[in-house]
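Everything below belongs to upload-v4.cif, which stores mmCIF, C-alpha atoms.
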data_start
loop_
_atom_site.label_atom_id
_atom_site.label_comp_id
_atom_site.auth_asym_id
_atom_site.auth_seq_id
_atom_site.Cartn_x
_atom_site.Cartn_y
_atom_site.Cartn_z
CA MET R 77 78.85 104.74 109.18
CA THR R 78 79.09 101.92 111.67
CA ILE R 79 77.03 98.89 110.62
CA LEU R 80 78.24 97.60 107.29
CA ILE R 81 76.37 94.43 106.47
CA GLU R 82 73.00 96.05 105.84
CA GLN R 83 74.17 99.06 103.83
CA PRO R 84 73.31 98.49 100.15
CA GLU R 85 75.67 101.19 98.87
CA PHE R 86 78.55 98.76 99.45
CA GLY R 87 76.93 96.23 97.08
CA LEU R 88 77.44 93.46 99.63
CA GLN R 89 76.16 89.93 99.05
CA VAL R 90 75.65 87.81 102.12
CA GLU R 91 75.50 84.03 102.14
CA GLU R 92 76.05 81.33 104.72
CA LYS R 93 79.13 79.74 103.18
CA ARG R 94 82.23 78.66 105.06
CA VAL R 95 85.59 79.40 103.47
CA PRO R 96 88.54 77.05 104.06
CA PHE R 97 90.77 79.83 105.37
CA ASN R 98 91.19 80.41 109.09
CA ALA R 99 91.53 84.20 108.87
CA ASN R 100 87.87 84.26 107.85
CA GLU R 101 86.92 83.02 111.31
CA LEU R 102 86.94 84.96 114.55
CA ILE R 103 87.78 82.95 117.65
CA LEU R 104 85.97 84.44 120.61
CA ASP R 105 86.37 83.90 124.36
CA GLY R 106 84.92 80.53 125.28
CA GLY R 107 86.48 78.71 122.36
CA PHE R 108 83.64 79.03 119.82
CA VAL R 109 84.12 80.25 116.26
CA VAL R 110 82.07 82.82 114.37
CA PRO R 111 82.13 82.17 110.61
CA ASN R 112 82.71 85.09 108.30
CA THR R 113 79.49 85.38 106.26
CA LEU R 114 80.76 88.01 103.83
CA SER R 115 81.50 86.55 100.44
CA SER R 116 83.11 87.63 97.21
CA ASN R 117 80.96 89.21 94.52
CA ASN R 118 82.94 87.37 91.88
CA ASP R 119 82.98 83.70 92.84
CA ASP R 120 84.19 82.57 89.42
CA GLU R 121 87.53 84.38 89.78
CA ILE R 122 88.50 84.31 93.42
CA PHE R 123 92.01 84.98 94.66
CA GLU R 124 93.87 81.72 95.22
CA VAL R 125 95.93 81.47 98.40
CA PRO R 126 99.51 80.39 97.58
CA ASN R 127 101.29 77.76 99.67
CA ILE R 128 104.66 79.52 99.93
CA ASN R 129 106.00 83.06 100.18
CA ALA R 130 108.51 84.86 97.95
CA PHE R 131 111.36 83.01 99.69
CA GLY R 132 109.88 79.53 99.13
CA GLN R 133 108.81 79.17 102.78
CA SER R 134 105.50 79.11 104.65
CA PHE R 135 103.87 82.48 105.31
CA ARG R 136 104.53 84.07 108.71
CA ASP R 137 106.87 81.25 109.70
CA TYR R 138 109.04 82.96 112.31
CA ASN R 139 111.07 79.84 113.03
CA ALA R 140 112.30 79.07 109.50
CA GLU R 141 116.08 79.08 109.18
CA SER R 142 117.20 81.91 106.88
CA GLU R 143 119.16 85.14 106.92
CA ARG R 144 115.87 86.99 106.57
CA GLN R 145 114.54 85.34 109.73
CA LYS R 146 117.55 86.49 111.75
CA THR R 147 116.76 90.09 110.76
CA VAL R 148 113.09 89.59 111.64
CA GLU R 149 113.79 88.11 115.08
CA GLU R 150 116.24 90.87 115.97
CA PHE R 151 113.62 93.40 114.91
CA TYR R 152 111.05 91.90 117.31
CA ARG R 153 113.56 91.70 120.15
CA VAL R 154 114.16 95.46 119.94
CA GLN R 155 110.49 96.26 119.35
CA HIS R 156 109.29 94.28 122.36
CA ILE R 157 111.80 95.97 124.64
CA ASN R 158 111.05 99.54 123.54
CA GLN R 159 107.30 99.65 122.91
CA THR R 160 105.91 100.71 126.30
CA TYR R 161 102.66 102.34 127.40
CA ASP R 162 104.30 105.69 128.14
CA TYR R 163 106.30 105.65 124.89
CA VAL R 164 103.15 105.16 122.80
CA LYS R 165 101.30 107.96 124.58
CA ARG R 166 104.16 110.33 123.77
CA MET R 167 104.30 109.27 120.11
CA ARG R 168 100.55 109.64 119.60
CA GLU R 169 100.68 113.14 121.06
CA GLU R 170 103.63 114.15 118.88
CA TYR R 171 102.53 112.65 115.57
CA GLY R 172 98.86 113.40 116.17
CA LYS R 173 99.71 117.06 115.50
CA LEU R 174 100.03 116.18 111.78
CA ASN R 175 102.52 118.99 111.24
CA LYS R 176 105.26 117.15 109.31
CA ILE R 177 104.26 117.81 105.70
CA GLU R 178 101.32 118.30 103.32
CA MET R 179 101.01 115.97 100.34
CA SER R 180 98.55 113.83 98.40
CA ILE R 181 97.83 110.16 98.95
CA TRP R 182 99.53 109.19 95.68
CA ASP R 183 102.64 111.23 96.49
CA CYS R 184 102.85 109.28 99.72
CA CYS R 185 102.55 105.98 97.82
CA GLU R 186 105.56 106.99 95.73
CA LEU R 187 107.57 107.86 98.84
CA LEU R 188 107.37 104.21 99.81
CA ASN R 189 109.39 103.13 96.76
CA ASP R 190 112.53 102.93 98.89
CA VAL R 191 110.97 101.35 101.98
CA ILE R 192 111.50 97.67 102.88
CA ASP R 193 109.89 96.25 106.02
CA ASP R 194 112.45 94.46 108.22
CA SER R 195 109.68 92.77 110.23
CA ASP R 196 108.17 90.97 107.23
CA PRO R 197 109.41 87.39 106.75
CA ASP R 198 107.49 87.03 103.47
CA LEU R 199 108.65 89.92 101.27
CA ASP R 200 111.65 92.15 100.67
CA GLU R 201 110.21 94.19 97.79
CA PRO R 202 109.49 97.96 98.01
CA GLN R 203 106.25 98.63 99.87
CA ILE R 204 104.42 100.20 96.91
CA GLU R 205 104.55 96.77 95.24
CA HIS R 206 102.76 95.21 98.21
CA LEU R 207 100.11 97.97 98.28
CA LEU R 208 99.19 97.44 94.64
CA GLN R 209 99.32 93.65 94.87
CA THR R 210 96.88 93.72 97.79
CA ALA R 211 94.56 96.27 96.21
CA GLU R 212 94.41 94.53 92.84
CA ALA R 213 93.76 91.11 94.39
CA ILE R 214 90.82 92.53 96.39
CA ARG R 215 89.56 94.48 93.37
CA LYS R 216 89.37 91.22 91.42
CA ASP R 217 87.27 89.42 94.03
CA TYR R 218 85.22 92.36 95.37
CA PRO R 219 84.74 94.65 92.34
CA SER R 220 81.83 96.57 93.92
CA GLU R 221 83.63 97.53 97.15
CA ASP R 222 85.72 100.42 95.86
CA TRP R 223 86.28 101.65 99.42
CA LEU R 224 88.01 98.33 100.18
CA HIS R 225 90.25 98.70 97.10
CA LEU R 226 91.39 102.09 98.33
CA THR R 227 91.80 100.83 101.90
CA ALA R 228 94.16 98.17 100.56
CA LEU R 229 96.17 100.77 98.66
CA ILE R 230 96.65 103.05 101.66
CA HIS R 231 96.75 100.58 104.58
CA ASP R 232 100.56 100.69 104.88
CA LEU R 233 101.16 104.34 103.97
CA GLY R 234 102.01 105.05 107.60
CA LYS R 235 105.37 103.40 106.90
CA VAL R 236 106.50 106.79 105.61
CA LEU R 237 107.43 107.33 109.26
CA LEU R 238 110.68 105.64 108.23
CA HIS R 239 111.37 108.48 105.78
CA PRO R 240 113.64 111.38 106.84
CA SER R 241 110.81 113.85 106.15
CA PHE R 242 108.88 112.24 109.02
CA GLY R 243 111.75 111.97 111.47
CA GLY R 244 113.25 108.76 110.12
CA LEU R 245 111.91 106.62 112.96
CA PRO R 246 113.59 103.24 113.56
CA GLN R 247 111.90 100.16 112.12
CA TRP R 248 110.73 98.95 115.54
CA ALA R 249 108.69 102.15 115.93
CA VAL R 250 106.96 101.80 112.56
CA VAL R 251 106.41 98.22 111.40
CA GLY R 252 105.74 94.74 112.76
CA ASP R 253 102.80 93.11 114.51
CA THR R 254 100.94 95.42 116.87
CA PHE R 255 99.67 94.62 120.37
CA PRO R 256 97.94 96.38 123.29
CA LEU R 257 99.88 98.21 125.99
CA GLY R 258 98.60 98.73 129.50
CA CYS R 259 97.55 95.10 129.94
CA ALA R 260 99.18 91.66 129.86
CA PHE R 261 101.19 90.65 126.78
CA ASP R 262 99.41 87.62 125.33
CA GLU R 263 101.64 84.62 124.62
CA SER R 264 100.40 84.43 121.03
CA ILE R 265 102.36 87.60 120.17
CA VAL R 266 105.31 86.80 117.90
CA HIS R 267 108.59 86.30 119.84
CA HIS R 268 106.76 86.85 123.12
CA LYS R 269 109.88 85.88 125.11
CA TYR R 270 111.47 89.30 124.55
CA PHE R 271 108.78 91.10 126.56
CA LYS R 272 110.70 89.98 129.65
CA GLN R 273 112.94 93.00 129.02
CA ASN R 274 110.06 95.46 128.59
CA SER R 275 109.79 97.83 131.58
CA ASP R 276 105.96 97.55 131.58
CA ILE R 277 106.33 93.97 132.79
CA ASN R 278 107.13 95.37 136.25
CA ASN R 279 103.84 97.28 136.51
CA THR R 280 101.38 95.24 138.58
CA ILE R 281 98.33 96.67 136.80
CA TYR R 282 99.74 96.24 133.29
CA LYS R 283 100.42 92.56 134.04
CA THR R 284 96.72 91.73 134.49
CA LYS R 285 94.36 90.53 131.75
CA ASN R 286 92.32 93.75 131.60
CA GLY R 287 95.06 96.08 132.80
CA VAL R 288 93.91 99.70 132.69
CA TYR R 289 90.84 98.79 130.58
CA GLU R 290 87.34 97.46 131.21
CA GLU R 291 86.00 94.35 129.53
CA GLY R 292 84.05 95.28 126.39
CA CYS R 293 85.38 98.85 126.39
CA GLY R 294 86.07 98.80 122.64
CA LEU R 295 89.41 98.68 120.86
CA ASP R 296 89.33 102.42 120.22
CA LYS R 297 89.89 102.84 123.97
CA VAL R 298 92.95 100.56 123.92
CA VAL R 299 96.49 101.93 123.54
CA MET R 300 98.17 99.90 120.79
CA SER R 301 101.90 99.68 120.11
CA TRP R 302 102.98 102.67 118.03
CA GLY R 303 103.52 102.26 114.31
CA HIS R 304 102.28 102.78 110.78
CA ASP R 305 98.81 101.36 111.50
CA ASP R 306 97.82 103.87 114.16
CA TYR R 307 99.53 106.74 112.35
CA MET R 308 97.64 106.16 109.08
CA TYR R 309 94.42 105.85 111.06
CA LEU R 310 95.09 109.27 112.61
CA VAL R 311 95.99 110.80 109.24
CA SER R 312 92.82 109.46 107.60
CA LYS R 313 90.47 110.40 110.43
CA GLU R 314 91.84 113.88 111.09
CA ASN R 315 91.88 114.77 107.38
CA GLY R 316 88.17 114.02 107.13
CA THR R 317 88.10 110.91 104.96
CA THR R 318 84.66 109.67 103.94
CA LEU R 319 85.75 106.03 104.04
CA PRO R 320 83.41 103.87 106.19
CA SER R 321 84.29 102.93 109.75
CA ALA R 322 85.27 99.43 108.63
CA ALA R 323 88.03 100.94 106.48
CA LEU R 324 89.47 102.83 109.44
CA PHE R 325 89.25 99.67 111.53
CA VAL R 326 91.18 97.70 108.90
CA ILE R 327 93.86 100.39 108.66
CA ARG R 328 94.27 100.61 112.43
CA TYR R 329 94.27 96.91 113.30
CA HIS R 330 95.54 95.04 110.23
CA SER R 331 98.82 94.19 112.03
CA PHE R 332 97.05 93.09 115.23
CA TYR R 333 97.68 89.39 114.53
CA ALA R 334 97.22 88.32 118.15
CA LEU R 335 93.57 89.29 117.67
CA HIS R 336 92.67 88.22 114.16
CA LYS R 337 94.90 85.15 113.97
CA SER R 338 94.87 83.86 117.55
CA GLY R 339 91.67 85.33 119.00
CA ALA R 340 93.47 87.10 121.85
CA TYR R 341 92.08 90.28 123.45
CA THR R 342 88.52 89.69 122.22
CA HIS R 343 87.36 90.47 125.77
CA LEU R 344 88.17 94.13 125.06
CA MET R 345 86.03 94.34 121.91
CA ASN R 346 82.60 95.97 121.68
CA GLU R 347 79.80 95.15 119.22
CA GLU R 348 81.02 97.58 116.55
CA ASP R 349 84.48 95.99 116.70
CA LYS R 350 82.94 92.55 116.11
CA GLU R 351 81.05 93.81 113.05
CA ASN R 352 84.17 95.44 111.61
CA MET R 353 86.22 92.30 112.26
CA LYS R 354 84.33 90.62 109.42
CA TRP R 355 85.92 93.03 106.98
CA LEU R 356 89.34 92.82 108.62
CA ASN R 357 89.31 89.04 108.28
CA ILE R 358 88.51 89.38 104.57
CA PHE R 359 91.25 91.97 104.11
CA ASN R 360 93.83 89.95 106.00
CA LYS R 361 93.76 87.15 103.44
CA TYR R 362 94.84 89.53 100.69
CA ASP R 363 97.27 91.55 102.82
CA LEU R 364 99.15 88.41 103.81
CA TYR R 365 98.89 86.09 100.81
CA SER R 366 99.08 88.48 97.84
CA LYS R 367 102.78 89.17 98.51
CA SER R 368 104.84 87.95 95.56
CA LYS R 369 107.51 88.86 93.04
CA VAL R 370 104.81 89.55 90.41
CA ARG R 371 104.92 93.23 89.46
CA ILE R 372 101.85 95.42 88.91
CA ASP R 373 101.75 97.82 85.95
CA VAL R 374 101.55 101.02 87.99
CA GLU R 375 100.71 103.36 85.11
CA LYS R 376 97.88 101.10 83.98
CA VAL R 377 96.10 101.04 87.35
CA LYS R 378 97.02 104.53 88.53
CA PRO R 379 94.01 106.37 86.99
CA TYR R 380 91.58 104.07 88.80
CA TYR R 381 93.16 104.61 92.21
CA LEU R 382 93.46 108.36 91.66
CA SER R 383 89.69 108.44 91.09
CA LEU R 384 89.12 106.65 94.41
CA ILE R 385 91.48 108.99 96.24
CA GLU R 386 89.51 111.96 94.87
CA LYS R 387 86.25 110.33 96.00
CA TYR R 388 87.27 109.62 99.59
CA PHE R 389 90.02 112.12 100.48
CA PRO R 390 90.89 115.81 100.06
CA THR R 391 93.49 116.68 97.42
CA LYS R 392 96.23 117.20 99.98
CA LEU R 393 96.47 115.81 103.49
CA ARG R 394 98.28 116.93 106.63
CA TRP R 395 100.78 114.30 107.73
#

Can the structure from this file be put into C-alpha cells for me?
Amino acid sequence: MTILIEQPEFGLQVEEKRVPFNANELILDGGFVVPNTLSSNNDDEIFEVPNINAFGQSFRDYNAESERQKTVEEFYRVQHINQTYDYVKRMREEYGKLNKIEMSIWDCCELLNDVIDDSDPDLDEPQIEHLLQTAEAIRKDYPSEDWLHLTALIHDLGKVLLHPSFGGLPQWAVVGDTFPLGCAFDESIVHHKYFKQNSDINNTIYKTKNGVYEEGCGLDKVVMSWGHDDYMYLVSKENGTTLPSAALFVIRYHSFYALHKSGAYTHLMNEEDKENMKWLNIFNKYDLYSKSKVRIDVEKVKPYYLSLIEKYFPTKLRW
C-alpha cells in the first residue's frame, strides 16, 4: 500500500482544520507550509501536549543546563564524528543479514526493560515505558488506526542493538537524531558543530547539497545514519509485515528531526514520501510529547497489543 488518505480500511476522516502544533506542518523548499489535513477520530478526547518534560524543562531543549544535557551533548559529539557514509554501508550489510536471533515482537519489547537512551534529553525511564506511553496516547485519539497503535509500540524496538545479544553496539550507533550521509550536513541538525571532525566533511561530493543523490530521488534511496530506526525498518520489511507503507516510513524516519521539524532535505523527497509525511507528523507529536513519569499498566494493555502483533507480523521474527 502506498497512498493512505483514500483507503477506507484505515477509517480515516479528513477535514481542513489547522492544528496549533508545528509538527503537523511540513515546511517545503521555497518557504511555504503544507498543513496536515489528517485529524483525530476522537476530537472530544484528544491528547494534550504538555509544556515541560519529565525533568521540568522544555522538550528537546539541547541548551538547558543540567547533568542530563552534558550526557546528551557528549553523545552527539561522538555520534557526529563516527557516523560516516562508509560506516553506515558496512552496518546495513552486516545487520541486514538478520542472523542474530529469532524472537517475537513482545519478547523484544521486554528486552528493552533495561535500556535507557543517552541521547534523549526528555526521559530517563526504560524504553518499554516510552513505547506504551506513545501507543496508548495514539490509541486514545485514533482508535480506528490499529496499525498506527502497533507502529507506536514497535517504533523503537531497534534499540535492542544496545543489548549484548545483538553485539552491544555503543549508544552513538543506535540512538539519537538521524541524518543523511553522502550529502551536506544541514545546520539544523542538533549539535551540528561536531561534524567538523567527521571524515566525510573532506569529501568534495559529500559536501554539496545533493551529494551522491538526485533531487526528488526519494528518501528510500538516501543513506541515513545507522541506528535503531533503520534496523527496525529492515526487520519489519524483511520479515514480511503487512503494515502499510506509512508505518514503515514512520519507523524508518521518526528520528529524522532535521526533516520533520526543520524542513531540511525536502529536495530529496518524492511524492510517496510527501504523502507518508502526513502520518509521520501525526506520530511525532505523540512520540515526543507523551514521555512522562506516568506508568502504563502493562498486563492490562498487553492482550490488545498481542492481537495486533498477530495481525501484522509472523509469530517469530529474524533479527

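Between Tyr161 (chain R) and the residues R:Ser301, R:Asn352, R:Thr318, R:Gln209, the shortest atom-to-atom distance, using all atoms listed in the file, involves R:Ser301.
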
Which polymer residues have any atom within 10 Å of an atom of Glu150 (chain R), counting all atoms listed in the file, with same-chain residues fewer than 3 positions away left out, as a list in words?
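After dropping sequence-adjacent residues, the list is Gln145, Lys146, Thr147, Arg153, Val154, Gln155, Asp194, Ser195, Trp248, His267 and Tyr270 of chain R.
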
At a cut-off of 10 Å, can you tabulate as CSV every residue of region 168-241 of chain R near region 326-331 of chain R together with its closest atom pair and the distance in Å to one decimal, using all atoms listed in the file and ordering rows by chain then number?
residue,atom,partner,partner_atom,distance
R:Leu224,CA,R:Val326,CA,9.3
R:Thr227,CA,R:Ile327,CA,7.1
R:Ala228,CA,R:Ile327,CA,8.4
R:Ile230,CA,R:Ile327,CA,8.0
R:His231,CA,R:Ile327,CA,5.0
R:Asp232,CA,R:Ile327,CA,7.7
R:Leu233,CA,R:Ile327,CA,9.5
R:Gly234,CA,R:Ile327,CA,9.4

Q: Tell me, in Å to one decimal, how far CA of Gly339 (chain R) is from CA of His304 (chain R).
A: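 According to the coordinates, CA of Gly339 (chain R) and CA of His304 (chain R) are separated by 22.0 Å.
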
I'd like to know which of R:Val288, R:Val191, R:Leu226, R:Val377 is closest to Val251 (chain R), using only C-alpha atoms.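 So, comparing all the options, the nearest one is R:Val191.
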
### Point-to-point distance in Å for CA of Val164 (chain R) and CA of Glu347 (chain R)
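Interatomic distance here is 25.7 Å.
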
note - CA of Glu263 (chain R) and CA of Tyr362 (chain R) are separated by 25.4 Å

Review point. Selected by the PyMOL selection byres ((chain R and resi 314-317) around 7) in the shown coordinates: which residues, as a list of chain:residue names?
Key: R:Leu310, R:Val311, R:Ser312, R:Lys313, R:Thr318, R:Leu319, R:Tyr388, R:Phe389, R:Leu393, R:Arg394

**OP:** Might you pull out every residue within 9 Å of Lys285 (chain R), with only C-alpha atoms counted and same-chain residues fewer than 6 positions away left off, and present them as a PyMOL selection string?
**Re:** chain R and resi 259-262+341

Note to self: My list of candidates is R:Leu295, R:Leu384, R:Val374, R:Leu324. Which is closest to Glu221 (chain R) when distances are computed with all atoms listed in the file?
What the structure shows: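 Once distances to Glu221 (chain R) are computed over all atoms listed in the file, the minimum belongs to R:Leu384.
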
Give me the residues of region 290-381 of chain R that have any atom at most 9 Å from an atom of region 235-242 of chain R; for each, the nearest atom pair and the distance in Å, rounded to one decimal. Use all atoms listed in the file, sort by chain and number, and format it as a tab-separated table.
residue	atom	partner	partner_atom	distance
R:Gly303	CA	R:Lys235	CA	7.7
R:His304	CA	R:Lys235	CA	5.0
R:Asp305	CA	R:Lys235	CA	8.3
R:Tyr307	CA	R:Leu237	CA	8.5
R:Met308	CA	R:Lys235	CA	8.5

Create the file for the chosen residues now, containing C-alpha atoms and written as an mmCIF file, keeping the file's coordinate frame.
data_model
loop_
_atom_site.group_PDB
_atom_site.id
_atom_site.type_symbol
_atom_site.label_atom_id
_atom_site.label_comp_id
_atom_site.auth_asym_id
_atom_site.auth_seq_id
_atom_site.Cartn_x
_atom_site.Cartn_y
_atom_site.Cartn_z
ATOM 1 C CA GLY R 303 103.520 102.260 114.310
ATOM 2 C CA HIS R 304 102.280 102.780 110.780
ATOM 3 C CA ASP R 305 98.810 101.360 111.500
ATOM 4 C CA TYR R 307 99.530 106.740 112.350
ATOM 5 C CA MET R 308 97.640 106.160 109.080
#

Note to self: Counting all atoms listed in the file, which residue out of R:Gly258, R:Gly252, R:Pro390, R:Gly172 sits closest to Val148 (chain R)?
What the structure shows: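 Of R:Gly258, R:Gly252, R:Pro390, R:Gly172, the one nearest Val148 (chain R) is R:Gly252, counting all atoms listed in the file.
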
Residue IDs satisfying the PyMOL selection byres ((chain R and resi 360) around 10), as JSON, numbers by chain: {"R": [99, 100, 210, 228, 326, 330, 331, 333, 336, 337, 355, 356, 357, 358, 359, 361, 362, 363, 364, 365, 366]}

* Contacts of His225 (chain R) at 8 Å (only C-alpha atoms; same-chain gap of 2+ positions) as a list in words ->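 So the residues in contact are Ala211, Glu212, Ile214, Arg215, Glu221, Asp222, Trp223, Thr227, Ala228 and Leu229 of chain R.
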
Test item: residues at most 12 Å from Asp276 (chain R), only C-alpha atoms, excluding those fewer than 5 positions along its chain, as a PyMOL selection string: chain R and resi 156-164+256-261+271+281-284+287

(request) Could you tell me which residues the PyMOL selection byres ((chain R and resi 373) around 12) returns for this structure, as number ranges by chain? (result) R: 204-205, 208-209, 212, 370-372, 374-379

When you count only C-alpha atoms, which of these residues is closest to Phe325 (chain R): R:His343, R:Lys387, R:Lys354, R:His268?
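Smallest distance to Phe325 (chain R) is found for R:Lys354.
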
Missing atoms in region 168-184 of chain R: can you complete it with N, CA, C and O atoms, as a CSV table (one decimal), keeping the file's coordinate frame?
chain,number,residue,atom,x,y,z
R,168,ARG,N,101.9,109.3,120.1
R,168,ARG,CA,100.6,109.6,119.6
R,168,ARG,C,100.3,111.1,119.7
R,168,ARG,O,99.7,111.8,118.9
R,169,GLU,N,100.8,111.7,120.8
R,169,GLU,CA,100.7,113.1,121.1
R,169,GLU,C,101.5,113.9,120.0
R,169,GLU,O,101.0,114.9,119.5
R,170,GLU,N,102.7,113.5,119.8
R,170,GLU,CA,103.6,114.2,118.9
R,170,GLU,C,103.2,114.0,117.4
R,170,GLU,O,103.0,115.1,116.7
R,171,TYR,N,102.9,112.8,117.0
R,171,TYR,CA,102.5,112.6,115.6
R,171,TYR,C,101.1,112.9,115.3
R,171,TYR,O,100.7,113.1,114.1
R,172,GLY,N,100.3,113.0,116.3
R,172,GLY,CA,98.9,113.4,116.2
R,172,GLY,C,98.7,114.9,115.8
R,172,GLY,O,97.6,115.3,115.4
R,173,LYS,N,99.8,115.6,115.9
R,173,LYS,CA,99.7,117.1,115.5
R,173,LYS,C,99.6,117.2,114.0
R,173,LYS,O,99.2,118.2,113.5
R,174,LEU,N,100.1,116.2,113.2
R,174,LEU,CA,100.0,116.2,111.8
R,174,LEU,C,100.7,117.5,111.2
R,174,LEU,O,100.1,118.1,110.4
R,175,ASN,N,101.8,117.8,111.7
R,175,ASN,CA,102.5,119.0,111.2
R,175,ASN,C,103.8,118.7,110.5
R,175,ASN,O,104.7,119.6,110.4
R,176,LYS,N,104.0,117.5,110.0
R,176,LYS,CA,105.3,117.2,109.3
R,176,LYS,C,105.3,117.7,107.9
R,176,LYS,O,106.4,118.2,107.4
R,177,ILE,N,104.2,117.5,107.1
R,177,ILE,CA,104.3,117.8,105.7
R,177,ILE,C,102.8,117.8,105.2
R,177,ILE,O,101.9,117.2,105.8
R,178,GLU,N,102.6,118.4,104.0
R,178,GLU,CA,101.3,118.3,103.3
R,178,GLU,C,101.6,117.7,102.0
R,178,GLU,O,102.5,118.1,101.2
R,179,MET,N,100.9,116.6,101.6
R,179,MET,CA,101.0,116.0,100.3
R,179,MET,C,99.8,115.1,100.1
R,179,MET,O,99.0,114.8,100.9
R,180,SER,N,99.7,114.7,98.8
R,180,SER,CA,98.6,113.8,98.4
R,180,SER,C,98.8,112.4,98.8
R,180,SER,O,99.9,112.0,99.1
R,181,ILE,N,97.7,111.6,98.7
R,181,ILE,CA,97.8,110.2,99.0
R,181,ILE,C,98.8,109.5,98.0
R,181,ILE,O,99.7,108.7,98.3
R,182,TRP,N,98.7,109.8,96.7
R,182,TRP,CA,99.5,109.2,95.7
R,182,TRP,C,101.0,109.6,95.9
R,182,TRP,O,101.9,108.7,95.7
R,183,ASP,N,101.3,110.8,96.2
R,183,ASP,CA,102.6,111.2,96.5
R,183,ASP,C,103.2,110.4,97.6
R,183,ASP,O,104.4,110.0,97.6
R,184,CYS,N,102.4,110.1,98.6
R,184,CYS,CA,102.8,109.3,99.7
R,184,CYS,C,103.1,107.9,99.3
R,184,CYS,O,104.1,107.2,99.7
